[in-house]
$ cat upload.txt   # compact mmCIF, C-alpha atoms and all ligand atoms
# COMPACT_ATOMS: atom_id res chain seq x y z
CA MET T 1 -10.28 16.61 5.74
CA THR T 2 -10.95 12.87 5.97
CA LYS T 3 -8.78 9.83 5.51
CA LEU T 4 -10.53 9.31 2.15
CA ASP T 5 -9.29 12.66 0.81
CA HIS T 6 -6.15 10.80 -0.29
CA VAL T 7 -8.07 8.09 -2.16
CA ALA T 8 -9.04 8.47 -5.85
CA TRP T 9 -12.76 9.33 -6.03
CA PRO T 10 -15.11 8.17 -7.36
CA PRO T 11 -13.82 4.62 -7.74
CA ALA T 12 -14.95 2.46 -10.64
CA PRO T 13 -18.58 1.37 -10.05
CA ILE T 14 -18.82 -1.60 -7.69
CA LYS T 15 -21.24 -4.34 -8.73
CA THR T 16 -22.89 -6.64 -6.20
CA GLU T 17 -25.37 -9.43 -6.90
CA ARG T 18 -28.26 -6.97 -7.39
CA LEU T 19 -26.85 -3.46 -7.02
CA VAL T 20 -24.28 -0.98 -8.26
CA LEU T 21 -22.39 1.42 -5.96
CA ARG T 22 -21.01 4.55 -7.61
CA GLY T 23 -20.33 8.25 -7.09
CA SER T 24 -23.33 10.58 -7.48
CA GLU T 25 -24.36 12.15 -10.79
CA ALA T 26 -26.72 14.94 -11.89
CA ARG T 27 -29.45 12.37 -12.76
CA ASP T 28 -29.63 11.39 -9.04
CA ARG T 29 -30.84 14.82 -7.86
CA ALA T 30 -34.58 14.07 -7.71
CA ALA T 31 -34.02 10.80 -5.84
CA PHE T 32 -31.73 12.53 -3.31
CA ILE T 33 -34.55 14.99 -2.66
CA GLU T 34 -36.99 12.06 -2.16
CA LEU T 35 -34.57 10.54 0.33
CA PHE T 36 -34.12 13.65 2.47
CA ALA T 37 -37.80 14.67 2.26
CA SER T 38 -39.04 11.25 3.39
CA PRO T 39 -40.58 11.23 6.90
CA GLU T 40 -39.92 7.46 7.19
CA VAL T 41 -36.24 7.89 6.36
CA GLY T 42 -35.96 10.82 8.79
CA THR T 43 -37.67 9.12 11.74
CA TYR T 44 -34.47 8.37 13.72
CA ILE T 45 -32.04 10.79 12.10
CA GLY T 46 -33.42 14.21 12.91
CA GLY T 47 -36.52 14.29 10.71
CA ALA T 48 -37.37 15.01 7.10
CA ARG T 49 -36.35 18.28 5.45
CA PRO T 50 -38.93 20.44 3.66
CA ARG T 51 -39.15 19.42 -0.01
CA GLU T 52 -39.36 23.04 -1.18
CA GLU T 53 -36.13 23.88 0.65
CA LEU T 54 -34.40 20.83 -0.84
CA GLU T 55 -35.57 21.73 -4.37
CA ARG T 56 -34.20 25.23 -3.90
CA THR T 57 -30.87 24.47 -2.19
CA SER T 58 -29.68 21.08 -3.47
CA PRO T 59 -26.66 21.40 -5.77
CA ALA T 60 -26.80 20.14 -9.36
CA ILE T 61 -24.94 17.01 -8.26
CA PRO T 62 -25.83 16.36 -4.61
CA GLY T 63 -23.45 14.24 -2.58
CA ARG T 64 -20.47 14.43 -4.91
CA ARG T 65 -17.72 13.86 -2.32
CA PRO T 66 -15.28 11.16 -1.23
CA GLY T 67 -16.97 8.39 0.74
CA LEU T 68 -20.52 8.93 -0.55
CA PHE T 69 -21.79 6.03 -2.64
CA VAL T 70 -25.08 6.09 -4.49
CA ILE T 71 -26.84 2.71 -4.31
CA GLU T 72 -28.35 1.96 -7.71
CA LEU T 73 -30.93 -0.71 -8.54
CA ASP T 74 -31.94 -1.24 -12.18
CA GLY T 75 -30.40 2.12 -13.14
CA SER T 76 -32.01 4.28 -10.42
CA LEU T 77 -30.91 5.53 -7.02
CA ILE T 78 -32.54 3.62 -4.15
CA GLY T 79 -30.29 4.92 -1.39
CA MET T 80 -26.87 6.07 -0.33
CA ILE T 81 -23.94 5.07 1.85
CA THR T 82 -21.56 7.43 3.58
CA LEU T 83 -18.07 6.79 4.95
CA ASP T 84 -17.28 10.05 6.73
CA GLN T 85 -15.00 11.20 9.50
CA ARG T 86 -16.90 11.11 12.79
CA ASP T 87 -17.38 14.53 14.32
CA ALA T 88 -14.81 14.84 17.15
CA GLU T 89 -17.23 16.97 19.20
CA ARG T 90 -19.88 14.24 19.42
CA PRO T 91 -19.85 11.52 22.07
CA GLY T 92 -18.85 8.03 20.91
CA HIS T 93 -15.23 7.43 19.94
CA LEU T 94 -12.66 4.65 19.80
CA ARG T 95 -9.78 7.01 20.64
CA PRO T 96 -9.67 10.27 22.60
CA ASP T 97 -8.43 12.19 19.54
CA GLY T 98 -11.30 10.90 17.34
CA GLY T 99 -10.88 10.84 13.57
CA GLU T 100 -12.67 7.51 13.09
CA THR T 101 -14.39 6.67 9.79
CA GLU T 102 -18.14 6.26 10.31
CA LEU T 103 -20.59 4.30 8.16
CA GLY T 104 -24.05 5.69 7.42
CA TYR T 105 -26.85 4.29 5.22
CA LEU T 106 -30.20 5.56 3.94
CA ILE T 107 -32.57 3.63 1.68
CA LEU T 108 -35.84 4.82 0.12
CA PRO T 109 -38.72 3.21 2.07
CA GLN T 110 -40.14 1.42 -0.99
CA ALA T 111 -36.87 -0.57 -1.13
CA TRP T 112 -36.80 -1.60 2.55
CA GLY T 113 -37.07 -5.26 3.58
CA ARG T 114 -35.17 -6.80 0.67
CA GLY T 115 -31.64 -6.91 2.02
CA TYR T 116 -30.30 -4.08 -0.11
CA ALA T 117 -28.78 -2.14 2.82
CA VAL T 118 -26.66 -5.06 4.02
CA GLU T 119 -25.68 -6.06 0.47
CA ALA T 120 -24.58 -2.51 -0.40
CA CYS T 121 -22.84 -1.75 2.92
CA ALA T 122 -20.90 -5.03 2.85
CA ALA T 123 -19.54 -4.08 -0.59
CA ALA T 124 -18.68 -0.54 0.56
CA LEU T 125 -16.87 -1.94 3.62
CA ASP T 126 -14.89 -4.34 1.38
CA TRP T 127 -13.93 -1.38 -0.80
CA PHE T 128 -12.90 0.64 2.29
CA ALA T 129 -10.77 -2.23 3.63
CA GLU T 130 -8.88 -2.27 0.32
CA ALA T 131 -8.55 1.53 0.17
CA LEU T 132 -7.40 1.99 3.79
CA PRO T 133 -6.13 -1.35 5.06
CA GLY T 134 -6.29 -1.90 8.81
CA GLU T 135 -8.72 0.96 9.50
CA PRO T 136 -11.71 0.17 11.72
CA VAL T 137 -15.13 1.60 10.84
CA VAL T 138 -17.56 2.89 13.46
CA LEU T 139 -21.32 3.25 13.35
CA CYS T 140 -23.82 5.13 15.51
CA THR T 141 -27.56 4.54 15.50
CA GLN T 142 -30.50 5.01 17.84
CA THR T 143 -31.31 1.78 19.67
CA ALA T 144 -34.97 2.44 18.79
CA ASN T 145 -34.04 2.20 15.09
CA GLU T 146 -34.55 -1.56 14.97
CA ARG T 147 -33.98 -1.93 11.23
CA SER T 148 -30.66 -0.11 11.51
CA MET T 149 -29.66 -2.16 14.57
CA ARG T 150 -30.26 -5.35 12.54
CA VAL T 151 -28.17 -4.00 9.64
CA ALA T 152 -25.31 -3.20 12.06
CA ALA T 153 -25.39 -6.70 13.54
CA LYS T 154 -25.53 -8.41 10.12
CA LEU T 155 -22.49 -6.39 8.98
CA GLY T 156 -20.49 -7.56 12.02
CA PHE T 157 -20.44 -4.37 14.09
CA THR T 158 -20.09 -4.94 17.83
CA GLU T 159 -21.06 -2.62 20.65
CA VAL T 160 -18.50 -0.21 22.12
CA GLU T 161 -20.86 1.89 24.22
CA ARG T 162 -24.33 3.39 24.52
CA PHE T 163 -25.06 7.01 25.40
CA GLU T 164 -27.82 9.60 25.30
CA GLU T 165 -27.82 12.18 22.52
CA TYR T 166 -30.62 14.17 20.86
CA GLY T 167 -32.93 12.90 23.64
CA ALA T 168 -32.53 9.25 22.64
CA GLU T 169 -30.34 6.26 23.45
CA GLN T 170 -27.57 5.84 20.88
CA TRP T 171 -25.67 2.64 20.05
CA PHE T 172 -22.04 3.11 19.08
CA GLY T 173 -20.30 0.13 17.50
CA VAL T 174 -17.14 -0.84 15.65
CA ARG T 175 -16.16 -3.25 12.90
CA HIS T 176 -12.51 -4.18 12.73
CA PRO T 177 -11.14 -5.08 9.31
CA PRO T 178 -10.56 -8.75 8.57
CA SER T 179 -6.96 -9.72 9.36
CA ARG T 180 -4.85 -10.37 6.27
C1 LIG T 201 -31.74 1.36 8.13
C2 LIG T 201 -32.29 0.87 6.78
C3 LIG T 201 -31.27 1.15 5.69
C4 LIG T 201 -32.55 -0.63 6.89
O1 LIG T 201 -33.25 -1.04 5.74
P1 LIG T 201 -33.77 -2.55 5.65
O2 LIG T 201 -34.53 -2.69 4.41
O3 LIG T 201 -34.44 -2.92 6.92
O4 LIG T 201 -32.39 -3.37 5.62
P2 LIG T 201 -31.94 -4.38 4.51
O5 LIG T 201 -31.96 -3.70 3.19
O6 LIG T 201 -30.63 -4.96 4.91
O7 LIG T 201 -33.07 -5.49 4.52
C5 LIG T 201 -33.18 -6.37 5.61
C6 LIG T 201 -34.48 -7.10 5.53
O8 LIG T 201 -34.67 -7.62 4.21
C7 LIG T 201 -35.09 -8.99 4.31
N1 LIG T 201 -34.76 -9.64 3.03
C8 LIG T 201 -35.67 -9.89 2.05
N2 LIG T 201 -35.05 -10.42 0.99
C9 LIG T 201 -33.74 -10.50 1.29
C10 LIG T 201 -32.60 -10.96 0.58
N3 LIG T 201 -32.71 -11.42 -0.67
N4 LIG T 201 -31.40 -10.89 1.18
C11 LIG T 201 -31.26 -10.41 2.44
N5 LIG T 201 -32.33 -9.96 3.17
C12 LIG T 201 -33.54 -10.00 2.59
C13 LIG T 201 -34.37 -9.47 5.54
O9 LIG T 201 -34.96 -10.63 6.07
C14 LIG T 201 -34.53 -8.28 6.47
O10 LIG T 201 -35.82 -8.29 7.02
P3 LIG T 201 -36.05 -8.03 8.59
O11 LIG T 201 -35.50 -6.66 8.86
O12 LIG T 201 -37.52 -8.10 8.74
O13 LIG T 201 -35.26 -9.05 9.31
C15 LIG T 201 -33.60 1.61 6.42
O14 LIG T 201 -34.56 1.33 7.40
C16 LIG T 201 -33.42 3.12 6.33
O15 LIG T 201 -32.97 3.64 5.32
N6 LIG T 201 -33.79 3.85 7.40
C17 LIG T 201 -33.73 5.28 7.41
C18 LIG T 201 -32.33 5.81 7.53
C19 LIG T 201 -31.66 5.36 8.81
O16 LIG T 201 -32.26 5.39 9.88
N7 LIG T 201 -30.40 4.98 8.69
C20 LIG T 201 -29.60 4.57 9.80
C21 LIG T 201 -28.77 5.70 10.24
S1 LIG T 201 -27.30 5.10 11.05
$ encode --input "upload.txt" --output "structure tokens" --more "lines below"
Ligand SMILES: CC(C)(COP(=O)(O)OP(=O)(O)OC[C@H]1O[C@@H](n2cnc3c(N)ncnc32)[C@H](O)[C@@H]1OP(=O)(O)O)[C@@H](O)C(=O)NCCC(=O)NCCS
Amino acid sequence: MTKLDHVAWPPAPIKTERLVLRGSEARDRAAFIELFASPEVGTYIGGARPREELERTSPAIPGRRPGLFVIELDGSLIGMITLDQRDAERPGHLRPDGGETELGYLILPQAWGRGYAVEACAAALDWFAEALPGEPVVLCTQTANERSMRVAAKLGFTEVERFEEYGAEQWFGVRHPPSR
């Protein structure tokens, strides 16, 4: 159960200057497998998953759930964005009872270094602010993940705390919605 369970999903595709954000479709399956099998993508998020296992276990439409946007460039998936409820058991919260919405982002390595992550996340955050007005969004990333730290800063996230988890220093930040 997440706050987005009460929001119509998927929304109409969201167009940015160069990208489209949309719900996942069956034609995205191979690119999802690329994403999760990529050692570069997995470096700071628990590692790549075996391709054979992904081929065998991925559903026909991977990632079809509220809050998961496919990032499309020229008709193909180049990454994904998630807006999920942060696990209450993990460290890093705004409130003792948890329940915060957390932003995540993964881009295929061949599309890194062109500003797509910030462009796509900014649009997803705008959509979220319309869907759930007044709700903050949190983000957690390893401090060693310099690319992700730069994305967080460019999107306007500010530090709440740092802590150790999975044997690494984690940065936990928040972005409050623009006041209306
Ligand atoms: C985190 C991740 C999405 C960042 O990707 P990225 O390509 O570095 O981020 P962006 O798409 O925003 O691109 C930013 C870079 O594009 C450059 N750029 C080039 N053209 C640009 C343009 N037209 N507009 C904006 N930036 C542009 C920027 O200068 C910036 O370069 P810099 O990092 O050297 O300063 C990517 O590294 C990734 O998927 N990592 C694996 C998954 C992961 O760890 N996710 C985080 C979990 S919380």
$ residues_around --input "upload.txt" --residues "Tyr166 of chain T" --least-positions-apart "2" --cutoff "10 Å" --atoms "all atoms listed in the file" --output "JSON, numbers by chain"
{"T": [44, 45, 46, 142, 164, 168, 169, 170]}
$ atom_distance --input "upload.txt" --atom1 "atom CA of Pro50 of chain T" --atom2 "atom CA of Ala37 of chain T"
6.0 Å
$ closest_residue --input "upload.txt" --among "T:Phe69, T:Phe36, T:Phe157, T:Trp112" --to "ligand LIG 201 (chain T)" --atoms "only C-alpha atoms and all ligand atoms"
T:Trp112
$ residues_around --input "upload.txt" --residues "Gly23 of chain T" --least-positions-apart "4" --cutoff "12 Å" --atoms "all atoms listed in the file" --output "list in words"
Ala8, Trp9, Pro10, Pro11, Ala12, Pro13, Ile14, Arg27, Asp28, Ile61, Pro62, Gly63, Arg64, Arg65, Pro66, Gly67, Leu68, Phe69, Val70, Ile71, Glu72, Leu77, Gly79, Met80, Ile81, Thr82 and Ala124 of chain T
$ write_last_selection --input "upload.txt" --atoms "C-alpha atoms" --output "compact mmCIF listing (two decimals), in the coordinates of the input"
# COMPACT_ATOMS: atom_id res chain seq x y z
CA ALA T 8 -9.04 8.47 -5.85
CA TRP T 9 -12.76 9.33 -6.03
CA PRO T 10 -15.11 8.17 -7.36
CA PRO T 11 -13.82 4.62 -7.74
CA ALA T 12 -14.95 2.46 -10.64
CA PRO T 13 -18.58 1.37 -10.05
CA ILE T 14 -18.82 -1.60 -7.69
CA ARG T 27 -29.45 12.37 -12.76
CA ASP T 28 -29.63 11.39 -9.04
CA ILE T 61 -24.94 17.01 -8.26
CA PRO T 62 -25.83 16.36 -4.61
CA GLY T 63 -23.45 14.24 -2.58
CA ARG T 64 -20.47 14.43 -4.91
CA ARG T 65 -17.72 13.86 -2.32
CA PRO T 66 -15.28 11.16 -1.23
CA GLY T 67 -16.97 8.39 0.74
CA LEU T 68 -20.52 8.93 -0.55
CA PHE T 69 -21.79 6.03 -2.64
CA VAL T 70 -25.08 6.09 -4.49
CA ILE T 71 -26.84 2.71 -4.31
CA GLU T 72 -28.35 1.96 -7.71
CA LEU T 77 -30.91 5.53 -7.02
CA GLY T 79 -30.29 4.92 -1.39
CA MET T 80 -26.87 6.07 -0.33
CA ILE T 81 -23.94 5.07 1.85
CA THR T 82 -21.56 7.43 3.58
CA ALA T 124 -18.68 -0.54 0.56
$ closest_residue --input "upload.txt" --among "T:His176, T:Arg56, T:Arg162, T:Arg18" --to "ligand LIG 201 (chain T)" --atoms "all atoms listed in the file"
T:Arg18
$ residues_around --input "upload.txt" --residues "Gln85 of chain T" --least-positions-apart "3" --cutoff "10 Å" --atoms "all atoms listed in the file" --output "short mmCIF file (atom, residue, chain, number, x, y, z; two decimals) with C-alpha atoms, keeping the file's coordinate frame"
data_model
loop_
_atom_site.label_atom_id
_atom_site.label_comp_id
_atom_site.auth_asym_id
_atom_site.auth_seq_id
_atom_site.Cartn_x
_atom_site.Cartn_y
_atom_site.Cartn_z
CA MET T 1 -10.28 16.61 5.74
CA THR T 2 -10.95 12.87 5.97
CA LYS T 3 -8.78 9.83 5.51
CA LEU T 4 -10.53 9.31 2.15
CA GLY T 67 -16.97 8.39 0.74
CA THR T 82 -21.56 7.43 3.58
CA ALA T 88 -14.81 14.84 17.15
CA GLY T 98 -11.30 10.90 17.34
CA GLY T 99 -10.88 10.84 13.57
CA GLU T 100 -12.67 7.51 13.09
CA THR T 101 -14.39 6.67 9.79
CA GLU T 102 -18.14 6.26 10.31
CA LEU T 103 -20.59 4.30 8.16
CA VAL T 137 -15.13 1.60 10.84
CA VAL T 138 -17.56 2.89 13.46
#
$ atom_distance --input "upload.txt" --atom1 "atom P2 of ligand LIG 201 (chain T)" --atom2 "atom CA of Ser58 of chain T"
26.8 Å
$ atom_distance --input "upload.txt" --atom1 "atom S1 of ligand LIG 201 (chain T)" --atom2 "atom CA of Glu17 of chain T"
23.2 Å
$ residues_near_ligand --input "upload.txt" --ligand "ligand LIG 201 (chain T)" --cutoff "9 Å" --atoms "all atoms listed in the file" --output "JSON, numbers by chain"
{"T": [35, 38, 40, 41, 42, 43, 44, 45, 79, 80, 103, 104, 105, 106, 107, 108, 109, 110, 111, 112, 113, 114, 115, 116, 117, 118, 119, 120, 121, 139, 140, 141, 142, 145, 146, 147, 148, 149, 150, 151, 152, 154]}
$ closest_residue --input "upload.txt" --among "T:Asp5, T:Glu34, T:Glu25, T:Glu52" --to "Asp84 of chain T" --atoms "only C-alpha atoms"
T:Asp5
$ build_atoms --input "upload.txt" --residues "segment 1-21 of chain T" --atoms "N, CA and C atoms" --output "PDB file, in the frame of the given file"
ATOM      1  N   MET T   1     -11.369  17.560   6.020  1.00  0.00           N
ATOM      2  CA  MET T   1     -10.280  16.610   5.740  1.00  0.00           C
ATOM      3  C   MET T   1     -10.639  15.240   6.322  1.00  0.00           C
ATOM      4  N   THR T   2     -10.701  14.222   5.473  1.00  0.00           N
ATOM      5  CA  THR T   2     -10.950  12.870   5.970  1.00  0.00           C
ATOM      6  C   THR T   2      -9.863  11.968   5.417  1.00  0.00           C
ATOM      7  N   LYS T   3      -9.794  10.774   5.987  1.00  0.00           N
ATOM      8  CA  LYS T   3      -8.780   9.830   5.510  1.00  0.00           C
ATOM      9  C   LYS T   3      -9.000   9.521   4.025  1.00  0.00           C
ATOM     10  N   LEU T   4     -10.238   9.640   3.554  1.00  0.00           N
ATOM     11  CA  LEU T   4     -10.530   9.310   2.150  1.00  0.00           C
ATOM     12  C   LEU T   4     -10.126  10.419   1.185  1.00  0.00           C
ATOM     13  N   ASP T   5      -9.720  11.587   1.705  1.00  0.00           N
ATOM     14  CA  ASP T   5      -9.290  12.660   0.810  1.00  0.00           C
ATOM     15  C   ASP T   5      -8.075  12.254  -0.017  1.00  0.00           C
ATOM     16  N   HIS T   6      -7.344  11.232   0.442  1.00  0.00           N
ATOM     17  CA  HIS T   6      -6.150  10.800  -0.290  1.00  0.00           C
ATOM     18  C   HIS T   6      -6.426   9.613  -1.215  1.00  0.00           C
ATOM     19  N   VAL T   7      -7.693   9.243  -1.336  1.00  0.00           N
ATOM     20  CA  VAL T   7      -8.070   8.090  -2.160  1.00  0.00           C
ATOM     21  C   VAL T   7      -8.754   8.613  -3.420  1.00  0.00           C
ATOM     22  N   ALA T   8      -8.431   8.018  -4.583  1.00  0.00           N
ATOM     23  CA  ALA T   8      -9.040   8.470  -5.850  1.00  0.00           C
ATOM     24  C   ALA T   8     -10.561   8.297  -5.776  1.00  0.00           C
ATOM     25  N   TRP T   9     -11.303   9.373  -6.144  1.00  0.00           N
ATOM     26  CA  TRP T   9     -12.760   9.330  -6.030  1.00  0.00           C
ATOM     27  C   TRP T   9     -13.417   9.975  -7.228  1.00  0.00           C
ATOM     28  N   PRO T  10     -14.503   9.431  -7.786  1.00  0.00           N
ATOM     29  CA  PRO T  10     -15.110   8.170  -7.360  1.00  0.00           C
ATOM     30  C   PRO T  10     -14.339   6.968  -7.891  1.00  0.00           C
ATOM     31  N   PRO T  11     -14.429   5.832  -7.204  1.00  0.00           N
ATOM     32  CA  PRO T  11     -13.820   4.620  -7.740  1.00  0.00           C
ATOM     33  C   PRO T  11     -14.661   4.098  -8.910  1.00  0.00           C
ATOM     34  N   ALA T  12     -14.133   3.113  -9.603  1.00  0.00           N
ATOM     35  CA  ALA T  12     -14.950   2.460 -10.640  1.00  0.00           C
ATOM     36  C   ALA T  12     -16.204   1.885  -9.966  1.00  0.00           C
ATOM     37  N   PRO T  13     -17.355   1.902 -10.664  1.00  0.00           N
ATOM     38  CA  PRO T  13     -18.580   1.370 -10.050  1.00  0.00           C
ATOM     39  C   PRO T  13     -18.363  -0.050  -9.515  1.00  0.00           C
ATOM     40  N   ILE T  14     -18.955  -0.298  -8.351  1.00  0.00           N
ATOM     41  CA  ILE T  14     -18.820  -1.600  -7.690  1.00  0.00           C
ATOM     42  C   ILE T  14     -20.123  -2.356  -7.909  1.00  0.00           C
ATOM     43  N   LYS T  15     -20.025  -3.547  -8.478  1.00  0.00           N
ATOM     44  CA  LYS T  15     -21.240  -4.340  -8.730  1.00  0.00           C
ATOM     45  C   LYS T  15     -21.384  -5.408  -7.661  1.00  0.00           C
ATOM     46  N   THR T  16     -22.582  -5.538  -7.115  1.00  0.00           N
ATOM     47  CA  THR T  16     -22.890  -6.640  -6.200  1.00  0.00           C
ATOM     48  C   THR T  16     -23.882  -7.540  -6.936  1.00  0.00           C
ATOM     49  N   GLU T  17     -24.436  -8.504  -6.244  1.00  0.00           N
ATOM     50  CA  GLU T  17     -25.370  -9.430  -6.900  1.00  0.00           C
ATOM     51  C   GLU T  17     -26.532  -8.676  -7.578  1.00  0.00           C
ATOM     52  N   ARG T  18     -27.080  -7.656  -6.856  1.00  0.00           N
ATOM     53  CA  ARG T  18     -28.260  -6.970  -7.390  1.00  0.00           C
ATOM     54  C   ARG T  18     -28.076  -5.473  -7.604  1.00  0.00           C
ATOM     55  N   LEU T  19     -26.978  -4.914  -7.103  1.00  0.00           N
ATOM     56  CA  LEU T  19     -26.850  -3.460  -7.020  1.00  0.00           C
ATOM     57  C   LEU T  19     -25.571  -2.956  -7.666  1.00  0.00           C
ATOM     58  N   VAL T  20     -25.524  -1.637  -7.861  1.00  0.00           N
ATOM     59  CA  VAL T  20     -24.280  -0.980  -8.260  1.00  0.00           C
ATOM     60  C   VAL T  20     -24.029   0.160  -7.269  1.00  0.00           C
ATOM     61  N   LEU T  21     -22.799   0.286  -6.799  1.00  0.00           N
ATOM     62  CA  LEU T  21     -22.390   1.420  -5.960  1.00  0.00           C
ATOM     63  C   LEU T  21     -21.510   2.318  -6.795  1.00  0.00           C
TER      64      LEU T  21
END
